[in-house]
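Remarks on the structure that follows.
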Amino acid sequence: MKFPKIILLALPFLAIMSCQESGPKDFLLEKDQCDNCKMTITDLTYATELITEKGRVYKFDDISCMTMYENSEADKVKNSKKYVINAPTGKFLELPKATLITGGSIKSPMGGNTQAFENKEAAQKAAATLGASIIN
């Protein structure tokens, strides 16, 4: 039995597509724009990402922008994964696993004034130092 040529041509493409990462994508500071307010993302500490079920990545300069976008595009972002940046390390962290602090001397790009921490003790120390409150 012979395979149609189209199947043979599609195999390398399918192999490449199956190897792509499905998690968050690195930010290009000073180049990426917030998908909500359209400001250029300049500070990694406050950046967030939302990835839809279909794999579309939305980038935000502030957790408040991600929240506003979620509220205005609820159908588009239903069942999406949300990522924040762990303030001490600059690495991605799933939002449900994060401890958030807000207020005090924290000043984020769009006034959300919120930072994320993977470690609750680190969040408590930072909150005490910054005069902030723990959200969760």
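As shown in the structure tokens, the chain order sets the letters A, B, ...; within each chain, residues go from 1, and ligands are also counted from 1 in the order they appear.
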
* List every residue of segment 6-136 of chain A that DSSP, applied to the backbone of this structure, assigns to alpha helix (DSSP H), and report them as an NGL selection string. => :A and (6-18 or 63-72 or 120-130)

* Using backbone DSSP assignments, extract all strand (DSSP E) residues from segment 57-110 of chain A; output them as an MDAnalysis selection string. => chainID A and resid 57:60 81:86 91:94 99:102

Write the residues you've just listed into a file as a CSV table (one decimal), in the first residue's frame, and include N, CA and C atoms for each of them.
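Once everything was written out, this is part.csv:
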chain,number,residue,atom,x,y,z
A,57,VAL,N,-1.5,32.8,23.7
A,57,VAL,CA,-0.9,33.4,24.8
A,57,VAL,C,-1.2,34.9,24.8
A,58,TYR,N,-1.7,35.4,25.9
A,58,TYR,CA,-1.9,36.8,26.1
A,58,TYR,C,-1.0,37.3,27.2
A,59,LYS,N,-0.3,38.4,26.9
A,59,LYS,CA,0.7,39.0,27.9
A,59,LYS,C,0.2,40.3,28.4
A,60,PHE,N,0.5,40.5,29.7
A,60,PHE,CA,0.0,41.7,30.4
A,60,PHE,C,1.2,42.3,31.2
A,81,LYS,N,-5.1,29.1,31.6
A,81,LYS,CA,-4.1,29.0,32.7
A,81,LYS,C,-3.5,30.4,32.8
A,82,LYS,N,-3.3,30.8,34.1
A,82,LYS,CA,-2.8,32.1,34.4
A,82,LYS,C,-1.4,31.9,35.1
A,83,TYR,N,-0.5,32.8,34.6
A,83,TYR,CA,0.9,32.7,35.2
A,83,TYR,C,1.3,34.1,35.6
A,84,VAL,N,2.0,34.2,36.7
A,84,VAL,CA,2.6,35.4,37.3
A,84,VAL,C,4.1,35.2,37.4
A,85,ILE,N,4.8,36.2,37.7
A,85,ILE,CA,6.2,36.1,37.8
A,85,ILE,C,6.5,36.1,39.3
A,86,ASN,N,7.3,35.1,39.8
A,86,ASN,CA,7.7,35.0,41.1
A,86,ASN,C,8.7,36.1,41.4
A,91,LYS,N,11.0,34.0,37.7
A,91,LYS,CA,10.5,32.8,37.0
A,91,LYS,C,9.0,32.7,37.0
A,92,PHE,N,8.4,32.1,36.0
A,92,PHE,CA,7.0,31.9,35.9
A,92,PHE,C,6.5,31.0,37.0
A,93,LEU,N,5.2,31.3,37.5
A,93,LEU,CA,4.6,30.6,38.5
A,93,LEU,C,3.1,30.6,38.2
A,94,GLU,N,2.4,29.4,38.3
A,94,GLU,CA,1.0,29.4,38.1
A,94,GLU,C,0.3,30.2,39.2
A,99,THR,N,1.4,33.2,46.3
A,99,THR,CA,0.9,34.1,47.4
A,99,THR,C,1.1,35.5,46.9
A,100,LEU,N,0.1,36.3,46.9
A,100,LEU,CA,0.1,37.7,46.4
A,100,LEU,C,0.2,38.6,47.5
A,101,ILE,N,1.0,39.7,47.3
A,101,ILE,CA,0.9,40.8,48.3
A,101,ILE,C,0.6,42.1,47.5
A,102,THR,N,0.0,43.0,48.2
A,102,THR,CA,-0.4,44.3,47.5
A,102,THR,C,-0.3,45.5,48.4

* Which neighbours of Ser133 of chain A fall inside 8 Å, counting only C-alpha atoms, when residues of the same chain fewer than 2 positions from it are skipped, and could you give them as a PyMOL selection string? -> chain A and resi 101-104+127+131+135

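Note that atom CA of Ser64 of chain A and atom CA of Asn119 of chain A are 21.4 Å apart.
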
* **Residues near Asp62 of chain A, cut-off 6 Å, only C-alpha atoms, skip fewer than 3 positions along chain, as an MDAnalysis selection string** => chainID A and resid 46:47 65

Create the file for the chosen residues now, containing N, CA and C atoms and written as a short mmCIF file (atom, residue, chain, number, x, y, z; two decimals), in the first residue's frame.
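Wrote again_13.cif, looks like this:
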data_model
loop_
_atom_site.label_atom_id
_atom_site.label_comp_id
_atom_site.auth_asym_id
_atom_site.auth_seq_id
_atom_site.Cartn_x
_atom_site.Cartn_y
_atom_site.Cartn_z
N TYR A 46 6.11 42.49 37.42
CA TYR A 46 4.65 42.60 37.46
C TYR A 46 3.97 41.94 36.26
N ALA A 47 4.74 41.41 35.34
CA ALA A 47 4.19 40.83 34.11
C ALA A 47 3.41 39.53 34.40
N CYS A 65 -4.26 44.34 34.73
CA CYS A 65 -4.61 44.29 33.31
C CYS A 65 -5.13 42.91 32.93
#

* Which residues come within 12 Å of Thr45 of chain A, counting only C-alpha atoms, excluding same-chain residues fewer than 3 positions away, as a count of residues only? -> 28

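Across the structure, atom CA of Ile51 of chain A and atom CA of Glu30 of chain A are spaced 21.0 Å apart.
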
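Proximity ranking of A:Leu44, A:Cys37, A:Met68, A:Leu95 relative to Glu118 of chain A places A:Leu95 first, based on only C-alpha atoms.
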
* **Of the listed residues A:Lys54, A:Ala98, A:Asp32, A:Ser105, that which approaches Asn136 of chain A most closely, counting only C-alpha atoms** => A:Ala98

* Could you please determine the separation between atom CA of Ser80 of chain A and atom CA of Lys38 of chain A in Å, to one decimal place? =>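 Distance between the two atoms: 20.6 Å.
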